[in-house]
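So the structure is just underneath, and the comments pick up after that.
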Amino acid sequence: MANIVLVYLLIVASATMALGQGTRVGFYSKTCPRAESIVASAVKSAFQSNPTIAPGLLRMHFHDCFVNGCDASILIDGTNTEKTAGPNRLLRGYEVIDDAKKQIEAVCPGVVSCADIVALAARDSVVVTGGASWAVPTGRRDGLVSLASDTSNLPGFRDSVDVQKQKFLDKGLNTQDLVALVGGHTIGTSACQFFSYRLYNFSNGGPDPSISPSFVSQLQTLCPQGGDGSKRIGLDNGSENKFDNSFFANLRDGKGILESDQKLWTDASTKTFVQRFLGLTFKVEFGKSMVKMSNIEVKTGTVGEIRKVCSAIN
């Protein structure tokens with residue numbers, strides 16, 4: 001009987017690890033108790049100098065987790081690494097991760113993974129912009145592989161809701177998680193080149209009909225046809241530096257910048273959650289979905305490594 005129970009426990013433990021649940025809150029409480037405060041300090045300092053760092057770090061964690069799990073493979077330098085792929089070329093905040101890692105290595109060498117630093121920095125970026133905090137499970141290890149070709153499954157700005165839902169479902173995330181995590185666009189900007197096609201000759205020679213007519217005129221002024229495609233516009237009109245739920249109000253009002261974002265309002269299956277997040281639940285639900293995302297295909301135990309320098313495999 002004892003042997004049967006032992007086998008059962010081993011099976012459960014293996015399944016739990018396979019689901020990426022080998023992490024836990026307070027993983028470094030004894031081995032590196034200052035780790036989380038060091039990361040928070042690094043993020044706060046960088047944000048005070050450059051507020052665009054916050055959305056950059058949040059996106060970095062998202063882009064890392066969706067490609068081979070949350071393993072800091074996004075940080076690795078090289079000719080054809082994830083960092084060089086199209087969706088990742090405009091990410092920012094790498095220097096903040098490097099700064100936190102350097103400080104942590106000085107007090108706890110070889111203990112804290114770069115993957116955990118990225119997860120913590122994402123949470124701290126939300127906090128410095130006015131969002132709610134959440135407990136981040138830690139204990140991830142760093143991946144050994146980083147290939148630009150693996151980024152094809154990242155959600156895209158032209159994706160239909162069905163495609164978005166499938167990409168999230170493939171990572172164990174449901175429709176509510178999708179809407180909550182896209183709500184991270186409440187901070188940050190997008191370049192004109194990623195949405196200006198919606199303003200000119202989108203359908204029947206006119207703009208995307210899902211955009212409010214008055215907002216079309218505003219965007220056309222900011223992103224004129226044939227203008228500077230690299231010019232950046234706030235993803236949450238009127239509130240791009242504050243983590244709040246006004247992003248969802250903008251979707252309701254036809255003021256979503258990215259086509260994929262605005263579709264969350266026009267599709268019945270996601271509109272329900274957009275309406276829900278117009279209330280007071282968004283900040284809390286965002287944290288819950290971030291915890292789920294941060295456990296995607298994590299490497300724990302003896303899998304992977306603890307990098308000495310985040311941009312290079314040991």
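Just so we're on the same page: first chain in the structure tokens is A, next is B, and so on; residues restart at 1 for each chain, and ligands are numbered from 1 in the order they show up.
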Legend entry - Who sits within 7 Å of Ser146 in chain A, only C-alpha atoms, same chain under 4 positions skipped, as a ChimeraX atom specification: /A:73-74,76,81-82
If you keep N, CA, C and O atoms, can you produce a file of those selected residues as a PDB file, in the first residue's frame?
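Wrote again.pdb, looks like this:
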ATOM      1  N   SER A  73      15.002  33.287 -22.124  1.00  0.00           N
ATOM      2  CA  SER A  73      15.647  33.084 -23.428  1.00  0.00           C
ATOM      3  C   SER A  73      15.575  34.358 -24.273  1.00  0.00           C
ATOM      4  O   SER A  73      16.367  34.547 -25.196  1.00  0.00           O
ATOM      5  N   ILE A  74      14.660  35.259 -23.936  1.00  0.00           N
ATOM      6  CA  ILE A  74      14.524  36.541 -24.625  1.00  0.00           C
ATOM      7  C   ILE A  74      15.760  37.418 -24.425  1.00  0.00           C
ATOM      8  O   ILE A  74      16.032  38.332 -25.208  1.00  0.00           O
ATOM      9  N   ILE A  76      19.038  36.457 -24.314  1.00  0.00           N
ATOM     10  CA  ILE A  76      20.305  35.937 -24.851  1.00  0.00           C
ATOM     11  C   ILE A  76      20.713  36.664 -26.135  1.00  0.00           C
ATOM     12  O   ILE A  76      19.923  36.801 -27.073  1.00  0.00           O
ATOM     13  N   THR A  81      18.925  34.887 -32.259  1.00  0.00           N
ATOM     14  CA  THR A  81      18.218  34.616 -31.012  1.00  0.00           C
ATOM     15  C   THR A  81      16.861  35.311 -31.005  1.00  0.00           C
ATOM     16  O   THR A  81      16.557  36.114 -31.885  1.00  0.00           O
ATOM     17  N   GLU A  82      16.048  34.991 -30.005  1.00  0.00           N
ATOM     18  CA  GLU A  82      14.716  35.586 -29.899  1.00  0.00           C
ATOM     19  C   GLU A  82      14.770  37.112 -29.921  1.00  0.00           C
ATOM     20  O   GLU A  82      13.895  37.778 -30.484  1.00  0.00           O
TER      21      GLU A  82
END
Mind dumping a table of every range 15-71 of chain A residue within 6 Å of range 92-98 of chain A, with the nearest atom pair and its distance in Å to one decimal, using only C-alpha atoms, sorted by chain and rising number, as JSON lines?
{"residue": "A:Ile53", "atom": "CA", "partner": "A:Gly93", "partner_atom": "CA", "distance": 5.5}
{"residue": "A:Gly56", "atom": "CA", "partner": "A:Arg92", "partner_atom": "CA", "distance": 4.8}
{"residue": "A:Leu57", "atom": "CA", "partner": "A:Gly93", "partner_atom": "CA", "distance": 5.5}
Legend entry - Nearest candidate to Val216 in chain A (options A:Ile257, A:Ala115, A:Met290, A:Leu120; using only C-alpha atoms):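 For Val216 in chain A, the nearest of the candidates is A:Ile257.
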Legend entry - Close residues, Val67 in chain A itself excluded, 7 Å, only C-alpha atoms, min 3 positions apart in chain, as number ranges by chain: A: 63-64, 150-151
Inset, instruction - Could you give me, as a PyMOL selection string, the residues within 9 Å of range 23-38 of chain A, counting only C-alpha atoms and dropping anything in the same chain fewer than 4 positions from it? - result: chain A and resi 17+42-43+100-101+103-104+107-108+111-112+117+120-121+135-140+295+298+300
Inset, instruction - Would you mind writing down, as a ChimeraX atom specification, each residue of range 64-255 of chain A that DSSP on the backbone assigns to helix (DSSP H, G or I)? - result: /A:64-65,73-75,82-84,86-88,94-107,114-128,148-153,161-169,175-186,192-194,196-198,213-222,246-252
